[in-house]
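Below: one structure, written as structure tokens.
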Amino acid sequence: MEHLEFDFPASTDSSRQTPARRDSVLVGVVSSGNLEVLVEQASLAGGCRVIVDTSIRGYGAIWQAVLADFVKRYRPRDVQVSINDAGASPAVVSLRLDQAYEDFQGDAA
Amino acid sequence: MNDTRWDNRAANRRARLERAATLTRGKVVAPDQVTSLLEAVIEAGDRVCLEGDNQKQADFLARCLAQVDVKRVHHLHMVQSVLALPEHLDLFERGIARRVDFSFSGPQGVRLARLVREGRIEIGAIHTFLELFGRYFIDLTPRVSLIAAMSADAAGNLYTGPNTEDTPAIVEATAFRNGIVVAQVNELVDHVPRVDIPADWVDFVVPSPQPHYIEPLFTRDPAQITEIQILMAMMVIKGIYAKYGVQRLNHGIGFDTAAIELLLPTYASSLGLKGKICNHWAMNPHPTIIPAIESGFVETIHSFGSELGMEAYTAARPDIFFTGPDGSMRSNRAFCQAAGHYACDLFIGSTLQIDLQGNSSTATLDRITGFGGAPNMGSDARGRRHVSATWLRAGREAETQSGIPRGRKLVVQIIETYHGRMQPAFVERLDAWKMMDQGELSLPPIMIYGDDVSHIVTEEGIANLLRCHNEEDRAEAIRGVAGYTPVGLGRSRAAVENLRDRGIIRRPEDLGIDKRQATRDLLAARSIKDLVRWSDGLYDPPARFRNW
């Protein structure tokens with residue numbers, strides 16, 4: 001197991017932000033090659049915090065890259081993301097984050 | 001006139017048949033006499049074809065050949081599509097055979113590499129299926145061929161049924177060069193359902209104690225298809241099949257293409273693509289194509305081989321599949337490979353590694369696997385001259401420098417950026433090079449050359465290599481879909497965004513794809529049982545795929 005925490009400060013560019021319509025969203029399951037993502041509102045001074053518990057050690061740099069891209073895509077404000085990972089590939093992590101966050105924003109699509 | 005004899009091969013053939021005369025009743029040979037028969041008709045140093053490909057196997061004859069007296073039969077030169085059975089390599093360990101020319105060695109790849117290192121097996125060359133069949137008629141004609149059929153009559157007419165596969169190519173080359181053809185059959189019958197191989201091309205018929213083995217290689221359980229594969233399938237359908245109006249195509253083996261097949265009745269239908277894409281196919285009867293057929297997407301399918309459990313379904317859909325007057329399907333690997341190369345506008349398949357030129361390889365260290373059919377399916381057919389709208393559109397995008405308008409085949413590689421235990425699919429240098437460096441092969445075993453690849457599809461998006469007109473664009477386009485692999489992380493973000501602005505890289509959102517739709521609910525069938533239901537109970541899956 002490895003526990004990782006990533007803090008992304010508030011973005012100055014607010015053009016792409018959409019307000020959350022739901023308090024929290026949970027998607028995915030903790031089974032081999034998969035992961036569970038919980039997205040919820042939190043008071044983080046306009047920033048975003050991601051907490052990762054993963055069954056596989058040693059991929060902190062890839063987590064950092066995947067999560068930085070996620071934050072760049074959505075610019076989440078005052079959002080906490082909690083991840084329970086059972087060895088998902090970066091592809092699955094990205095897809096699950098997108099699915100969770102788009103649900104969290106409501107049915108804008 | 002000199003006194004040169006011009007019929008030495010015929011005389012030699014007669015001598016072989018005379019040596020075998022006491023062992024047979026007509027053409028029929030009892031199973032316990034087969035090893036003696038092979039010792040009588042095979043001579044040391046002969047070139048021998050043992051039929052077997054990635055599906056059916058002349059497995060009884062392979063076992064008998066592995067038991068011959070090595071003092072009588074040795075130094076054989078094997079020519080065969082596939083090294084798949086343990087017996088195929090036992091021949092070399094026992095000293096019966098010395099040299100091999102083949103196409104594919106999937107399950108025996110590790111053992112083959114060891115035997116090569118130990119100097120116990122000489123590899124002539126590793127071919128594609130079509131190349132090897134071609135050489136059967138030029139410089140690798142078999143002297144003796146050991147083949148497999150479903151049934152035979154007393155005269156020796158053979159019924160090869162849905163899994164005809166390689167048999168016609170092998171028999172034609174052997175029988176018309178004064179060779180000897182020995183067939184193992186599942187049963188002797190009074191009348192064969194249809195004549196797939198005529199009797200006078202066949203010398204001996206052996207009723208095999210067990211039916212010949214067939215591997216259900218093309219069956220993919222929809223239960224194992226992932227959301228990433230569904231997302232990539234959506235991109236292929238919308239970003240490639242719809243864009244180019246792909247009507248004639250070939251699908252390789254794998255879950256990635258199975259996902260596309262299962263999205264035709266749902267996602268592609270919702271985009272109004274029925275009748276506009278995926279009409280004509282060179283492909284085996286994949287069980288996962290059943291829902292698309294039942295939904296009216298598919299007009300015709302010609303097959304390399306059959307697929308276990310699909311016999312009744314294909315027989316019940318003669319408008320779709322090639323079937324004989326007896327009603328059962330007929331496949332033909334040589335013709336289907338030619339059809340896939342020349343008459344299809346698109347090939348799509350998976351791979352293991354792709355480099356920055358777009359070269360792809362399934363070679364991994366300590367394993368010699370070979371090529372099969374992918375290099376012929378997955379290459380631009382430079383001898384093609386007929387046009388189609390799809391082929392012309394791809395050709396316009398490729399803009400050759402010569403100024404002469406040309407068409408282009410679409411060759412698509414579909415791959416998740418990481419597979420297995422975090423193995424990156426994108427690499428700076430293919431493992432294939434190491435096999436050459438170690439002296440095992442004279443060229444790196446590239447499955448599909450980068451200059452033949454038109455598109456690479458990953459979970460991150462589609463890279464259109466047709467529109468990359470220099471090495472820098474091409475490498476950056478590949479990095480731009482390579483995800484979080486070291487190659488992907490090495491991208492220039494500005495260059496990738498520039499390629500995206502030019503439409504050379506397209507993300508799911510650029511294609512108007514909602515990732516939330518990428519769930520298993522989008523699959524027309526989510527289990528093998530669903531496929532049986534779609535087929536009205538005609539599909540009869542092998543036991544290993546049943547969990548009910």
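Convention: chains lettered A, B, ... in structure tokens order; per-chain residue numbering from 1; ligands numbered from 1 as shown.
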How close does chain A get to chain B? List, as CSV, each residue of chain A within 7 Å, its nearest atom pair and the distance in Å to one decimal, counting only C-alpha atoms.
residue,atom,partner,partner_atom,distance
A:Ile62,CA,B:Tyr484,CA,6.6
A:Ser89,CA,B:Tyr418,CA,6.7
A:Pro90,CA,B:Tyr484,CA,6.8
A:Ala91,CA,B:Glu459,CA,6.3
A:Val92,CA,B:Ile228,CA,6.6
A:Gln99,CA,B:Arg516,CA,5.2
Long-range neighbours of Ser32 of chain A as an NGL selection string, 10 Å cut-off, only C-alpha atoms, 2 positions minimum in chain:
:A and (29-30 or 34-35 or 55 or 85-88)
When you draw a straight line from atom CA of Ile126 of chain B to atom CA of Ser103 of chain B, how long is it in Å?
5.2 Å
Excluding Asp7 of chain A and residues on its chain fewer than 4 positions from it, collect all residues at most 10 Å away from it, counting only C-alpha atoms, and give them as a list in words.
Leu44, Gly47, Cys48, Arg49, Val50, Ile51, Leu67, Ala68 and Gln80 of chain A
Take the residues just selected and output them with N, CA and C atoms as a PDB file, in the first residue's frame.
ATOM      1  N   LEU A  44     -11.286  24.439   0.658  1.00  0.00           N
ATOM      2  CA  LEU A  44      -9.850  24.325   0.431  1.00  0.00           C
ATOM      3  C   LEU A  44      -9.300  25.618  -0.165  1.00  0.00           C
ATOM      4  N   GLY A  47      -8.822  25.681  -3.801  1.00  0.00           N
ATOM      5  CA  GLY A  47      -7.939  24.688  -4.402  1.00  0.00           C
ATOM      6  C   GLY A  47      -8.577  23.315  -4.496  1.00  0.00           C
ATOM      7  N   CYS A  48      -7.743  22.343  -4.817  1.00  0.00           N
ATOM      8  CA  CYS A  48      -8.210  20.963  -4.974  1.00  0.00           C
ATOM      9  C   CYS A  48      -7.211  20.037  -4.294  1.00  0.00           C
ATOM     10  N   ARG A  49      -7.709  19.095  -3.522  1.00  0.00           N
ATOM     11  CA  ARG A  49      -6.833  18.114  -2.867  1.00  0.00           C
ATOM     12  C   ARG A  49      -7.220  16.721  -3.345  1.00  0.00           C
ATOM     13  N   VAL A  50      -6.185  15.932  -3.658  1.00  0.00           N
ATOM     14  CA  VAL A  50      -6.426  14.543  -4.069  1.00  0.00           C
ATOM     15  C   VAL A  50      -5.671  13.617  -3.125  1.00  0.00           C
ATOM     16  N   ILE A  51      -6.408  12.668  -2.539  1.00  0.00           N
ATOM     17  CA  ILE A  51      -5.823  11.699  -1.609  1.00  0.00           C
ATOM     18  C   ILE A  51      -5.893  10.326  -2.276  1.00  0.00           C
ATOM     19  N   LEU A  67      -2.932  13.463 -12.337  1.00  0.00           N
ATOM     20  CA  LEU A  67      -3.800  14.366 -11.573  1.00  0.00           C
ATOM     21  C   LEU A  67      -3.629  15.817 -12.021  1.00  0.00           C
ATOM     22  N   ALA A  68      -2.392  16.193 -12.366  1.00  0.00           N
ATOM     23  CA  ALA A  68      -2.174  17.567 -12.846  1.00  0.00           C
ATOM     24  C   ALA A  68      -2.967  17.807 -14.130  1.00  0.00           C
ATOM     25  N   GLN A  80     -12.454  18.024  -2.992  1.00  0.00           N
ATOM     26  CA  GLN A  80     -11.554  16.968  -2.532  1.00  0.00           C
ATOM     27  C   GLN A  80     -11.881  15.678  -3.275  1.00  0.00           C
TER      28      GLN A  80
END
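Picture a line from atom CA of Lys56 of chain B to atom CA of Asp200 of chain B; it runs 23.1 Å.
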For Glu299 of chain B, find every residue with an atom within 9 Å (counting only C-alpha atoms), except residues of its own chain fewer than 4 positions away, and show them as a ChimeraX atom specification.
/B:275,278-281,293,319-321
Write the selection just made, keeping C-alpha atoms, as a short mmCIF file (atom, residue, chain, number, x, y, z; two decimals), in the first residue's frame?
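Written out: again_15.cif:
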data_model
loop_
_atom_site.label_atom_id
_atom_site.label_comp_id
_atom_site.auth_asym_id
_atom_site.auth_seq_id
_atom_site.Cartn_x
_atom_site.Cartn_y
_atom_site.Cartn_z
CA GLY B 275 -25.46 0.63 -44.14
CA CYS B 278 -18.69 -2.23 -42.05
CA ASN B 279 -20.62 -3.83 -44.92
CA HIS B 280 -18.03 -6.27 -46.27
CA TRP B 281 -15.47 -8.15 -44.20
CA ILE B 293 -25.07 -9.37 -38.35
CA ASP B 319 -26.44 -14.76 -47.38
CA ILE B 320 -23.60 -13.51 -45.17
CA PHE B 321 -20.98 -16.29 -45.14
#
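Reported to one decimal place, the separation of atom CA of Ala66 of chain B from atom CA of Asp90 of chain B is 6.4 Å.
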Counting only C-alpha atoms, which residues of segment 404-453 of chain B fall within 6 Å of segment 361-370 of chain B, and what is the closest atom pair for each with its distance in Å at one decimal, ordered by chain and rising number, as JSON lines?
{"residue": "B:Asp431", "atom": "CA", "partner": "B:Thr364", "partner_atom": "CA", "distance": 5.9}
{"residue": "B:Ala432", "atom": "CA", "partner": "B:Ala363", "partner_atom": "CA", "distance": 5.5}
{"residue": "B:Ile446", "atom": "CA", "partner": "B:Ser361", "partner_atom": "CA", "distance": 4.9}
{"residue": "B:Met447", "atom": "CA", "partner": "B:Ser361", "partner_atom": "CA", "distance": 4.8}
Residue list (alpha helix (DSSP H), DSSP) for segment 50-223 of chain B, as a short mmCIF file (atom, residue, chain, number, x, y, z; two decimals) with C-alpha atoms, in the first residue's frame:
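Resulting contents of part.cif:
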data_model
loop_
_atom_site.label_atom_id
_atom_site.label_comp_id
_atom_site.auth_asym_id
_atom_site.auth_seq_id
_atom_site.Cartn_x
_atom_site.Cartn_y
_atom_site.Cartn_z
CA ASP B 59 -2.20 -33.39 -34.69
CA PHE B 60 -2.44 -37.17 -35.07
CA LEU B 61 -0.04 -37.15 -38.03
CA ALA B 62 2.27 -34.83 -36.05
CA ARG B 63 2.37 -37.38 -33.21
CA CYS B 64 3.08 -40.22 -35.67
CA LEU B 65 5.85 -38.28 -37.37
CA PRO B 86 4.76 -29.73 -28.59
CA GLU B 87 5.24 -32.45 -31.25
CA HIS B 88 6.25 -29.81 -33.79
CA LEU B 89 9.37 -29.11 -31.72
CA ASP B 90 9.82 -32.72 -30.57
CA LEU B 91 10.77 -33.40 -34.21
CA PHE B 92 13.84 -31.22 -33.74
CA GLU B 93 14.74 -32.44 -30.27
CA GLY B 109 7.83 -19.31 -28.90
CA VAL B 110 9.96 -19.67 -25.76
CA ARG B 111 10.98 -23.28 -26.47
CA LEU B 112 11.72 -22.41 -30.10
CA ALA B 113 14.08 -19.61 -29.03
CA ARG B 114 15.89 -22.05 -26.72
CA LEU B 115 16.31 -24.68 -29.46
CA VAL B 116 17.69 -22.04 -31.80
CA ARG B 117 20.22 -20.91 -29.17
CA PHE B 129 1.08 -16.72 -44.38
CA LEU B 130 0.89 -15.49 -47.98
CA GLU B 131 4.67 -15.44 -48.40
CA LEU B 132 4.98 -19.01 -47.15
CA PHE B 133 2.15 -20.21 -49.41
CA GLY B 134 3.86 -18.35 -52.26
CA ARG B 135 7.15 -20.14 -51.60
CA TYR B 136 5.34 -23.51 -51.67
CA THR B 167 -5.44 -27.18 -46.99
CA PRO B 168 -6.07 -26.21 -50.65
CA ALA B 169 -2.80 -24.24 -50.91
CA ILE B 170 -0.74 -27.06 -49.38
CA VAL B 171 -2.33 -29.85 -51.44
CA GLU B 172 -2.13 -27.94 -54.71
CA ALA B 173 1.59 -27.31 -54.29
CA THR B 174 2.36 -30.89 -53.26
CA ALA B 175 0.11 -32.92 -55.55
#
Which residues are near segment 339-343 of chain B? Cut-off 10 Å, only C-alpha atoms, ignore same chain within fewer than 4 positions. Put them as a compact mmCIF listing (two decimals) with N, CA and C atoms, in the first residue's frame.
# COMPACT_ATOMS: atom_id res chain seq x y z
N LEU B 130 0.89 -15.56 -46.51
CA LEU B 130 0.89 -15.49 -47.98
C LEU B 130 2.27 -15.73 -48.56
N ARG B 248 -15.31 -1.74 -46.39
CA ARG B 248 -14.66 -3.04 -46.62
C ARG B 248 -13.45 -3.12 -45.71
N LEU B 249 -13.45 -4.08 -44.81
CA LEU B 249 -12.40 -4.07 -43.78
C LEU B 249 -12.07 -5.44 -43.25
N ASN B 250 -10.98 -5.47 -42.49
CA ASN B 250 -10.52 -6.67 -41.81
C ASN B 250 -10.31 -6.35 -40.34
N HIS B 251 -10.82 -7.21 -39.47
CA HIS B 251 -10.55 -7.09 -38.04
C HIS B 251 -9.65 -8.23 -37.59
N HIS B 280 -18.70 -5.09 -45.72
CA HIS B 280 -18.03 -6.27 -46.27
C HIS B 280 -16.75 -6.55 -45.49
N TRP B 281 -16.56 -7.81 -45.12
CA TRP B 281 -15.47 -8.15 -44.20
C TRP B 281 -14.61 -9.30 -44.72
N ALA B 282 -13.29 -9.19 -44.47
CA ALA B 282 -12.41 -10.35 -44.46
C ALA B 282 -12.12 -10.61 -42.99
N MET B 283 -12.73 -11.62 -42.43
CA MET B 283 -12.53 -11.92 -41.01
C MET B 283 -13.05 -13.32 -40.72
N HIS B 302 -16.01 -13.06 -45.73
CA HIS B 302 -15.20 -14.19 -46.16
C HIS B 302 -14.15 -14.47 -45.10
N SER B 303 -13.87 -15.77 -44.86
CA SER B 303 -13.08 -16.13 -43.68
C SER B 303 -11.81 -16.90 -44.00
N PHE B 304 -10.78 -16.66 -43.18
CA PHE B 304 -9.51 -17.39 -43.24
C PHE B 304 -9.72 -18.83 -42.76
N ARG B 333 -7.65 -19.78 -46.30
CA ARG B 333 -6.74 -18.78 -45.75
C ARG B 333 -6.02 -17.99 -46.85
N ALA B 334 -5.58 -18.67 -47.89
CA ALA B 334 -4.82 -17.99 -48.94
C ALA B 334 -5.69 -16.94 -49.63
N PHE B 335 -6.90 -17.32 -50.01
CA PHE B 335 -7.77 -16.37 -50.69
C PHE B 335 -8.17 -15.22 -49.77
N PHE B 347 -7.48 -2.06 -42.27
CA PHE B 347 -7.09 -3.10 -41.31
C PHE B 347 -6.97 -2.44 -39.95
N GLY B 373 -0.61 -13.35 -40.31
CA GLY B 373 -1.16 -12.63 -41.45
C GLY B 373 -1.12 -11.11 -41.34
N ALA B 374 -0.84 -10.59 -40.14
CA ALA B 374 -0.98 -9.15 -39.90
C ALA B 374 -0.16 -8.29 -40.86
N PRO B 375 1.10 -8.66 -41.20
CA PRO B 375 1.85 -7.76 -42.09
C PRO B 375 1.21 -7.61 -43.47
N ASN B 376 0.51 -8.63 -43.95
CA ASN B 376 -0.16 -8.51 -45.25
C ASN B 376 -1.46 -7.74 -45.14
N MET B 377 -2.21 -8.01 -44.06
CA MET B 377 -3.45 -7.24 -43.84
C MET B 377 -3.09 -5.78 -43.54
N GLY B 378 -2.05 -5.61 -42.72
CA GLY B 378 -1.71 -4.29 -42.20
C GLY B 378 -0.63 -3.60 -43.00
N SER B 379 -0.77 -3.59 -44.31
CA SER B 379 0.16 -2.82 -45.13
C SER B 379 -0.58 -2.26 -46.32
N ASP B 380 -0.10 -1.10 -46.77
CA ASP B 380 -0.67 -0.49 -47.96
C ASP B 380 -0.44 -1.44 -49.14
N ALA B 381 -1.49 -1.72 -49.91
CA ALA B 381 -1.36 -2.64 -51.05
C ALA B 381 -0.86 -1.83 -52.24
N ARG B 382 0.46 -1.83 -52.44
CA ARG B 382 1.03 -0.98 -53.49
C ARG B 382 0.71 -1.48 -54.90
N GLY B 383 0.25 -2.74 -54.99
CA GLY B 383 -0.16 -3.24 -56.30
C GLY B 383 -1.63 -3.02 -56.59
N ARG B 384 -2.33 -2.35 -55.68
CA ARG B 384 -3.77 -2.14 -55.88
C ARG B 384 -4.00 -1.04 -56.91
N ARG B 385 -5.01 -1.24 -57.77
CA ARG B 385 -5.34 -0.23 -58.77
C ARG B 385 -6.81 0.18 -58.77
N HIS B 386 -7.71 -0.63 -58.16
CA HIS B 386 -9.12 -0.20 -58.17
C HIS B 386 -9.35 0.86 -57.09
N VAL B 387 -10.32 1.73 -57.31
CA VAL B 387 -10.53 2.82 -56.36
C VAL B 387 -11.79 2.61 -55.52
N SER B 388 -11.80 3.26 -54.38
CA SER B 388 -13.01 3.39 -53.57
C SER B 388 -12.93 4.76 -52.92
N LYS B 409 -4.38 2.64 -48.22
CA LYS B 409 -5.13 1.80 -47.29
C LYS B 409 -5.06 2.42 -45.89
Apply DSSP to the structure's backbone, then extract all residues of chain A labelled strand (DSSP E or B) and return them as an NGL selection string.
:A and (2-8 or 24-28 or 35-41 or 48-54 or 79-85)
Shell around Gly537 of chain B at 12 Å using only C-alpha atoms, local window under 3 positions removed, as a ChimeraX atom specification:
/B:290,309-313,316,528-534,540-541
